[in-house]
file coords-v5.txt (compact mmCIF, C-alpha atoms)
# COMPACT_ATOMS: atom_id res chain seq x y z
CA MET C 1 27.00 21.96 -22.79
CA PRO C 2 29.24 19.72 -20.62
CA SER C 3 27.80 16.42 -19.41
CA SER C 4 26.98 15.76 -15.76
CA ARG C 5 27.64 12.06 -16.27
CA LYS C 6 31.16 11.07 -15.42
CA GLY C 7 33.02 9.94 -18.50
CA LYS C 8 29.99 10.24 -20.81
CA ALA C 9 29.12 12.58 -23.67
CA GLY C 10 26.56 15.31 -23.18
CA PRO C 11 22.95 15.35 -24.42
CA ARG C 12 22.31 15.77 -28.09
CA ASP C 13 20.95 19.01 -29.47
CA GLU C 14 17.32 19.47 -28.37
CA ARG C 15 16.52 20.96 -31.79
CA ALA C 16 17.23 17.64 -33.50
CA LYS C 17 13.72 16.40 -32.62
CA PRO C 18 10.99 19.04 -32.58
CA ALA C 19 8.50 18.68 -29.73
CA ASP C 20 5.47 18.42 -31.97
CA THR C 21 6.79 15.28 -33.72
CA THR C 22 7.60 13.31 -30.59
CA PRO C 23 5.25 10.50 -29.50
CA PRO C 24 3.46 11.04 -26.19
CA VAL C 25 5.02 9.94 -22.93
CA GLY C 26 3.50 7.13 -20.95
CA ASP C 27 2.90 3.42 -21.15
CA GLU C 28 1.35 3.54 -24.64
CA ALA C 29 4.65 4.89 -25.96
CA CYS C 30 6.83 2.35 -24.14
CA GLN C 31 7.49 0.09 -27.09
CA ASN C 32 10.71 -1.71 -27.86
CA GLU C 33 12.85 0.99 -29.46
CA GLY C 34 16.18 -0.82 -29.52
CA PRO C 35 18.91 -0.71 -26.85
CA LEU C 36 17.85 1.58 -24.05
CA PRO C 37 20.47 3.97 -22.61
CA GLY C 38 20.54 3.54 -18.83
CA GLU C 39 19.09 0.03 -18.90
CA GLU C 40 22.05 -1.55 -17.10
CA GLU C 41 22.08 1.13 -14.41
CA LEU C 42 18.34 0.71 -13.89
CA ALA C 43 18.74 -3.05 -13.44
CA ALA C 44 21.47 -2.46 -10.84
CA TYR C 45 19.30 0.09 -9.04
CA LEU C 46 16.37 -2.31 -8.88
CA ASP C 47 18.68 -4.99 -7.46
CA SER C 48 19.71 -2.55 -4.73
CA LEU C 49 16.04 -1.96 -3.86
CA ARG C 50 15.38 -5.69 -3.86
CA TYR C 51 18.39 -6.95 -1.90
CA GLU C 52 19.64 -3.98 0.12
CA GLU C 53 16.43 -2.08 0.87
CA ASN C 54 14.28 -5.26 1.07
CA ASP C 55 11.51 -3.60 -0.91
CA SER C 56 8.65 -5.82 -2.03
CA GLU C 57 8.67 -7.21 -5.56
CA HIS C 58 5.55 -5.12 -6.25
CA THR C 59 7.43 -1.92 -5.30
CA VAL C 60 10.52 -2.89 -7.30
CA ARG C 61 8.42 -3.65 -10.37
CA ASN C 62 6.58 -0.30 -10.17
CA TYR C 63 9.84 1.64 -9.76
CA GLY C 64 11.24 -0.19 -12.78
CA VAL C 65 8.22 0.71 -14.93
CA ASP C 66 8.33 4.36 -13.85
CA VAL C 67 12.05 4.89 -14.41
CA GLU C 68 11.99 3.01 -17.72
CA ASP C 69 9.24 5.35 -18.94
CA PHE C 70 11.58 8.29 -18.30
CA LEU C 71 14.49 6.53 -20.03
CA ARG C 72 12.32 5.84 -23.08
CA TRP C 73 11.19 9.46 -23.13
CA ALA C 74 14.81 10.66 -23.02
CA GLN C 75 15.71 8.26 -25.81
CA ARG C 76 12.95 9.60 -28.06
CA ARG C 77 13.97 13.17 -27.29
CA GLY C 78 17.60 12.43 -28.09
CA TYR C 79 18.79 13.20 -24.55
CA ASP C 80 21.45 11.40 -22.57
CA PRO C 81 19.25 10.33 -19.61
CA PHE C 82 22.14 10.94 -17.21
CA ALA C 83 22.72 14.49 -18.42
CA VAL C 84 19.22 15.92 -18.58
CA THR C 85 18.81 19.38 -17.15
CA HIS C 86 16.37 20.57 -14.54
CA LYS C 87 14.37 22.25 -17.30
CA GLN C 88 14.21 19.08 -19.38
CA ALA C 89 13.08 17.03 -16.39
CA ARG C 90 10.32 19.58 -15.80
CA ARG C 91 9.31 19.17 -19.43
CA TYR C 92 8.95 15.41 -18.86
CA LEU C 93 6.56 16.01 -15.94
CA GLY C 94 4.70 18.59 -17.99
CA GLU C 95 4.14 16.10 -20.80
CA LEU C 96 2.80 13.54 -18.30
CA ASP C 97 0.34 16.17 -17.10
CA ALA C 98 -0.63 17.09 -20.67
CA ALA C 99 -1.25 13.39 -21.37
CA LYS C 100 -3.85 13.48 -18.55
CA TYR C 101 -1.98 11.26 -16.13
CA SER C 102 -3.35 11.55 -12.60
CA ARG C 103 -1.56 13.63 -10.00
CA ALA C 104 -0.82 10.46 -8.06
CA THR C 105 0.85 8.86 -11.09
CA VAL C 106 2.95 11.96 -11.83
CA ASN C 107 4.06 12.16 -8.20
CA ARG C 108 4.86 8.44 -8.13
CA ARG C 109 7.03 8.74 -11.23
CA LEU C 110 8.81 11.77 -9.82
CA SER C 111 9.43 9.85 -6.58
CA ALA C 112 10.89 6.94 -8.55
CA LEU C 113 13.18 9.29 -10.48
CA LYS C 114 14.36 10.99 -7.28
CA GLY C 115 15.31 7.64 -5.81
CA PHE C 116 17.06 6.61 -9.02
CA PHE C 117 19.13 9.79 -9.26
CA ARG C 118 20.07 9.64 -5.55
CA TRP C 119 21.38 6.15 -6.18
CA LEU C 120 23.23 7.25 -9.35
CA ASN C 121 24.95 9.99 -7.37
CA ALA C 122 25.83 7.62 -4.53
CA MET C 123 27.33 5.16 -7.04
CA GLY C 124 29.33 7.90 -8.77
CA VAL C 125 27.54 7.48 -12.09
CA VAL C 126 26.50 11.16 -12.15
CA ASP C 127 27.42 14.20 -10.10
CA THR C 128 24.24 16.27 -10.54
CA ASP C 129 20.60 15.73 -9.72
CA PRO C 130 18.12 17.33 -12.13
CA VAL C 131 15.03 16.08 -10.26
CA GLY C 132 16.01 16.54 -6.61
CA SER C 133 14.39 19.96 -6.26
CA LEU C 134 11.40 19.31 -8.50
CA GLN C 135 7.95 19.50 -6.91
CA GLY C 136 5.12 17.32 -8.15
CA PRO C 137 1.52 18.49 -8.51
CA LYS C 138 -0.27 19.04 -5.24
CA LYS C 139 -2.32 15.99 -4.36
CA SER C 140 -5.98 16.45 -3.62
CA VAL C 141 -6.93 15.12 -0.21
CA ARG C 142 -9.15 12.10 -0.71
CA LEU C 143 -10.62 11.03 2.58
CA PRO C 144 -10.42 7.28 3.14
CA LYS C 145 -13.70 5.41 3.23
CA SER C 146 -14.37 3.95 6.66
CA ILE C 147 -17.20 2.01 8.30
CA SER C 148 -19.46 3.63 10.90
CA ALA C 149 -19.68 2.17 14.40
CA SER C 150 -23.21 0.84 13.87
CA ASP C 151 -22.27 -0.73 10.52
CA MET C 152 -19.15 -2.25 12.08
CA ASP C 153 -21.33 -3.88 14.74
CA ARG C 154 -23.52 -5.37 11.99
CA LEU C 155 -20.49 -6.60 10.07
CA LEU C 156 -18.89 -8.25 13.08
CA ALA C 157 -22.17 -9.87 14.09
CA VAL C 158 -22.56 -11.95 10.90
CA HIS C 159 -20.19 -14.82 11.70
CA GLU C 160 -20.65 -14.50 15.46
CA ASP C 161 -24.38 -15.05 15.09
CA ALA C 162 -23.84 -17.94 12.67
CA LEU C 163 -21.66 -19.72 15.25
CA HIS C 164 -24.54 -19.96 17.72
CA GLY C 165 -26.39 -22.37 15.46
CA LEU C 166 -23.44 -24.63 14.67
CA GLU C 167 -21.96 -27.66 16.37
CA PRO C 168 -18.36 -27.17 17.59
CA GLY C 169 -15.98 -29.59 15.91
CA THR C 170 -17.60 -29.34 12.49
CA PRO C 171 -15.96 -27.81 9.38
CA GLU C 172 -18.76 -25.21 9.24
CA PHE C 173 -18.03 -24.11 12.82
CA ALA C 174 -14.29 -23.97 12.05
CA LYS C 175 -14.78 -21.71 9.02
CA GLU C 176 -17.15 -19.33 10.81
CA ALA C 177 -14.78 -19.12 13.80
CA ARG C 178 -11.87 -18.44 11.45
CA ASP C 179 -13.68 -15.69 9.55
CA GLN C 180 -14.79 -14.03 12.78
CA ALA C 181 -11.20 -14.10 14.04
CA VAL C 182 -9.94 -12.61 10.77
CA LEU C 183 -12.38 -9.69 10.88
CA GLU C 184 -11.79 -9.02 14.58
CA THR C 185 -8.02 -9.00 13.95
CA MET C 186 -8.31 -6.58 11.04
CA TYR C 187 -10.38 -4.13 13.03
CA ALA C 188 -8.46 -4.56 16.30
CA CYS C 189 -5.03 -3.90 14.77
CA GLY C 190 -5.59 -2.07 11.49
CA PHE C 191 -3.63 -4.70 9.61
CA ARG C 192 -3.59 -4.88 5.83
CA ILE C 193 -5.29 -7.98 4.48
CA SER C 194 -1.96 -9.28 3.16
CA GLU C 195 -0.51 -8.90 6.65
CA VAL C 196 -3.37 -10.84 8.24
CA SER C 197 -2.86 -13.60 5.70
CA GLY C 198 0.81 -13.87 6.72
CA ILE C 199 0.30 -14.07 10.50
CA ARG C 200 1.77 -17.21 12.07
CA VAL C 201 0.44 -18.95 15.17
CA HIS C 202 3.33 -17.77 17.36
CA ASP C 203 2.94 -14.16 16.18
CA VAL C 204 -0.03 -13.73 18.55
CA ASP C 205 1.07 -13.20 22.15
CA PHE C 206 -1.94 -13.76 24.38
CA GLN C 207 -0.11 -12.87 27.57
CA ALA C 208 1.23 -9.57 26.25
CA ARG C 209 -2.04 -8.98 24.34
CA GLN C 210 -0.34 -8.11 21.06
CA ALA C 211 0.31 -9.42 17.55
CA LYS C 212 3.33 -9.23 15.27
CA VAL C 213 3.16 -8.83 11.48
CA MET C 214 5.56 -8.37 8.59
CA GLY C 215 4.57 -5.19 6.78
CA LYS C 216 5.67 -3.44 3.59
CA GLY C 217 9.38 -3.57 2.88
CA SER C 218 9.72 -6.61 5.17
CA LYS C 219 9.40 -4.34 8.20
CA GLU C 220 8.17 -6.05 11.32
CA ARG C 221 5.85 -4.30 13.74
CA ILE C 222 3.94 -5.21 16.90
CA VAL C 223 0.44 -3.90 17.58
CA PRO C 224 -1.67 -4.28 20.75
CA MET C 225 -4.83 -6.40 20.59
CA HIS C 226 -7.99 -6.01 22.66
CA ALA C 227 -9.67 -8.84 24.55
CA THR C 228 -12.51 -9.39 22.04
CA ALA C 229 -10.10 -10.12 19.18
CA LEU C 230 -7.95 -12.36 21.37
CA ARG C 231 -11.00 -14.37 22.44
CA ALA C 232 -12.01 -14.83 18.79
CA ILE C 233 -8.53 -16.09 17.89
CA ASP C 234 -8.39 -18.35 20.95
CA ARG C 235 -11.74 -19.93 20.06
CA TYR C 236 -10.57 -20.50 16.49
CA LEU C 237 -7.31 -22.09 17.70
CA ARG C 238 -9.01 -24.38 20.21
CA ARG C 239 -12.09 -25.38 18.24
CA GLY C 240 -11.51 -24.67 14.56
CA ARG C 241 -7.97 -24.53 13.26
CA GLY C 242 -7.17 -28.19 13.91
CA ILE C 243 -10.11 -29.22 11.73
CA LEU C 244 -8.90 -27.04 8.84
CA GLU C 245 -5.27 -28.14 9.17
CA LYS C 246 -6.05 -31.54 7.56
CA GLY C 247 -3.22 -33.23 9.45
CA VAL C 248 -0.52 -31.29 7.56
CA PRO C 249 1.45 -29.19 10.10
CA THR C 250 1.85 -25.50 9.25
CA ASP C 251 2.57 -22.41 11.33
CA CYS C 252 0.16 -20.18 9.36
CA LEU C 253 -2.54 -18.94 11.72
CA PHE C 254 -5.44 -18.68 9.28
CA LEU C 255 -6.09 -21.67 7.02
CA SER C 256 -8.40 -22.34 4.11
CA SER C 257 -10.89 -25.21 4.12
CA ARG C 258 -8.22 -27.27 2.31
CA GLY C 259 -5.57 -26.63 4.93
CA ASN C 260 -3.62 -24.10 2.87
CA PRO C 261 -2.78 -20.57 4.03
CA TYR C 262 -5.90 -18.39 3.86
CA SER C 263 -4.99 -16.17 0.90
CA PRO C 264 -5.74 -12.43 0.61
CA ALA C 265 -7.98 -13.16 -2.40
CA SER C 266 -10.05 -15.64 -0.38
CA MET C 267 -10.26 -13.16 2.49
CA ARG C 268 -11.54 -10.48 0.13
CA ALA C 269 -14.20 -12.84 -1.22
CA MET C 270 -15.23 -13.68 2.35
CA PHE C 271 -15.40 -9.97 3.19
CA LYS C 272 -17.73 -9.27 0.24
CA LYS C 273 -20.05 -12.11 1.29
CA THR C 274 -20.05 -10.80 4.86
CA LEU C 275 -20.97 -7.31 3.66
CA GLU C 276 -23.85 -8.77 1.69
CA ALA C 277 -25.06 -10.81 4.67
CA ALA C 278 -24.92 -7.69 6.85
CA GLY C 279 -26.83 -5.63 4.28
CA LEU C 280 -23.94 -3.19 3.85
CA ASP C 281 -22.44 -1.45 0.83
CA ARG C 282 -20.65 -4.12 -1.21
CA SER C 283 -18.30 -1.51 -2.69
CA LEU C 284 -16.48 -1.38 0.64
CA SER C 285 -13.11 -3.12 0.65
CA PRO C 286 -11.26 -4.88 3.49
CA HIS C 287 -9.03 -1.80 3.63
CA ALA C 288 -12.03 0.08 5.04
CA MET C 289 -11.46 -1.92 8.25
CA ARG C 290 -7.96 -0.45 8.44
CA HIS C 291 -9.32 3.04 7.80
CA SER C 292 -11.95 2.54 10.51
CA PHE C 293 -9.32 1.39 12.99
CA ALA C 294 -7.17 4.48 12.37
CA THR C 295 -10.10 6.88 12.53
CA ASP C 296 -11.54 5.33 15.67
CA VAL C 297 -8.29 5.25 17.67
CA LEU C 298 -7.57 8.86 16.72
CA SER C 299 -11.10 9.87 17.73
CA GLY C 300 -10.52 8.02 20.99
CA GLY C 301 -7.49 10.17 21.82
CA ALA C 302 -4.50 8.28 20.40
CA ASP C 303 -1.63 10.50 19.27
CA LEU C 304 -0.67 10.63 15.61
CA ARG C 305 2.80 9.13 16.07
CA SER C 306 1.41 6.07 17.84
CA VAL C 307 -1.15 5.53 15.07
CA GLN C 308 1.60 5.90 12.47
CA GLU C 309 3.59 3.18 14.21
CA MET C 310 0.60 0.84 14.52
CA LEU C 311 -0.31 1.27 10.84
CA GLY C 312 3.29 0.85 9.71
CA HIS C 313 3.36 4.11 7.74
CA ALA C 314 6.84 5.28 6.75
CA ASP C 315 5.67 8.89 6.42
CA LEU C 316 3.61 10.74 9.03
CA SER C 317 1.79 12.65 6.26
CA THR C 318 0.17 9.37 5.20
CA THR C 319 -1.32 9.02 8.67
CA GLN C 320 -2.39 12.66 8.89
CA VAL C 321 -5.22 12.12 6.40
CA TYR C 322 -7.11 10.32 9.17
CA THR C 323 -7.18 13.50 11.24
CA HIS C 324 -9.41 14.99 8.52
CA VAL C 325 -11.80 12.05 8.86
CA SER C 326 -11.83 12.43 12.64
CA ASN C 327 -12.57 16.13 12.33
CA GLU C 328 -15.42 15.43 9.92
CA ARG C 329 -16.95 13.01 12.42
CA LEU C 330 -16.63 15.59 15.18
CA LYS C 331 -18.44 18.10 12.98
CA ASP C 332 -21.27 15.61 12.40
CA VAL C 333 -21.58 14.92 16.14
CA HIS C 334 -21.57 18.65 16.91
CA HIS C 335 -24.16 19.35 14.24
CA GLN C 336 -26.48 16.65 15.57
CA ALA C 337 -25.98 17.35 19.28
CA HIS C 338 -25.73 21.13 19.51
CA PRO C 339 -29.03 22.98 19.96
CA ARG C 340 -28.06 25.40 17.22
CA GLY C 341 -26.30 22.79 15.07

call {"tool": "encode", "arguments": {"input": "coords-v5.txt", "output": "structure tokens"}}
result
Amino acid sequence: MPSSRKGKAGPRDERAKPADTTPPVGDEACQNEGPLPGEEELAAYLDSLRYEENDSEHTVRNYGVDVEDFLRWAQRRGYDPFAVTHKQARRYLGELDAAKYSRATVNRRLSALKGFFRWLNAMGVVDTDPVGSLQGPKKSVRLPKSISASDMDRLLAVHEDALHGLEPGTPEFAKEARDQAVLETMYACGFRISEVSGIRVHDVDFQARQAKVMGKGSKERIVPMHATALRAIDRYLRRGRGILEKGVPTDCLFLSSRGNPYSPASMRAMFKKTLEAAGLDRSLSPHAMRHSFATDVLSGGADLRSVQEMLGHADLSTTQVYTHVSNERLKDVHHQAHPRG
């Protein structure tokens, strides 16, 4: 069989390694097995993601792990990884499924391979694409966990109520004002916790009533803010941030008690303590604030494209899951309100 890789030999005979003697695919089989065919091309591809596509280091690392798993599998099978056939690529996905990998993991690995082979074709390394037409397993729709309106009120009341008993100008007042501003910002804009951590002072435009963040893939977006969140931030800036800054100038909006940027890990710990103080389910994560934002603005009449833009989703299908949540809420309201519900 002729090779699809330009200037390279074709795959070795499949019969050389019977299927029943091959180790399983997956991370447990990814041991050092000598020089890895395709390793140099993978490194170049990851550099293109890092420096040309501006993907996050987390994304680049995951793509590297996923593509390397395929390269290791091809090596064990005796295949040239750049000359695998459509049928052989399907076999790889089938072995992932047989090894009980989740649908999400299988789809993620297929996505990584599709990107890799598109790049290989663009670079002239290969002239075929064995994975381009492959379909991954259908993902089950898992509705995101959000916070009800009454629970959200309880959550946002914790630090606000604590402020009433504190003296402005004290470190305790500064921390409570900061935490209230963080939670109001998360719910007002649907920001990821990492995005809130990265907000700078000048990213909040009080006159235009909006905030700017750097999202995934170093993509900047601007989201409107309502008056309640802006008031919380203004109070923190006027009566709290200067106390936390410790005399060391920084443009980070939210600061820790030591004057450092308020890290996502510290924000998560604060969120858990706030849940506990509000008497809410401690299994909720800060991401539930983002889910609640999306569900509530859709329920309020926002169109799907606008919500996609505010959330910073690259794919509209990612945003569409919130329409299911909205519909479920409407069913609950109908059931409770209708005389025959």

call {"tool": "closest_residue", "arguments": {"input": "coords-v5.txt", "among": "C:Ala112, C:Ala104, C:Thr85, C:Phe271", "to": "Glu68 in chain C", "atoms": "only C-alpha atoms"}}
result
C:Ala112

call {"tool": "closest_residue", "arguments": {"input": "coords-v5.txt", "among": "C:Pro37, C:Arg239, C:Leu304, C:Arg268", "to": "Ser283 in chain C", "atoms": "only C-alpha atoms"}}
result
C:Arg268

call {"tool": "atom_distance", "arguments": {"input": "coords-v5.txt", "atom1": "CA of Arg235 in chain C", "atom2": "CA of Lys219 in chain C"}}
result
28.8 Å

call {"tool": "atom_distance", "arguments": {"input": "coords-v5.txt", "atom1": "CA of Asp80 in chain C", "atom2": "CA of Lys138 in chain C"}}
result
28.8 Å

call {"tool": "residues_around", "arguments": {"input": "coords-v5.txt", "residues": "Ser263 in chain C", "least_positions_apart": "6", "cutoff": "9 Å", "atoms": "all atoms listed in the file", "output": "list of chain:residue names"}}
result
C:Ile193, C:Ser194, C:Ser197, C:Gly198, C:Phe254, C:Leu255, C:Ser256

call {"tool": "closest_residue", "arguments": {"input": "coords-v5.txt", "among": "C:Ala277, C:Thr250, C:Gly240, C:Asp69", "to": "Pro168 in chain C", "atoms": "all atoms listed in the file"}}
result
C:Gly240

call {"tool": "atom_distance", "arguments": {"input": "coords-v5.txt", "atom1": "CA of Ser102 in chain C", "atom2": "CA of Asp55 in chain C"}}
result
24.2 Å

call {"tool": "closest_residue", "arguments": {"input": "coords-v5.txt", "among": "C:Leu284, C:Glu195, C:Leu166, C:Glu160", "to": "Tyr262 in chain C", "atoms": "only C-alpha atoms"}}
result
C:Glu195

call {"tool": "closest_residue", "arguments": {"input": "coords-v5.txt", "among": "C:Gly78, C:Pro224, C:Gly169, C:Gly136", "to": "Phe206 in chain C", "atoms": "all atoms listed in the file"}}
result
C:Pro224
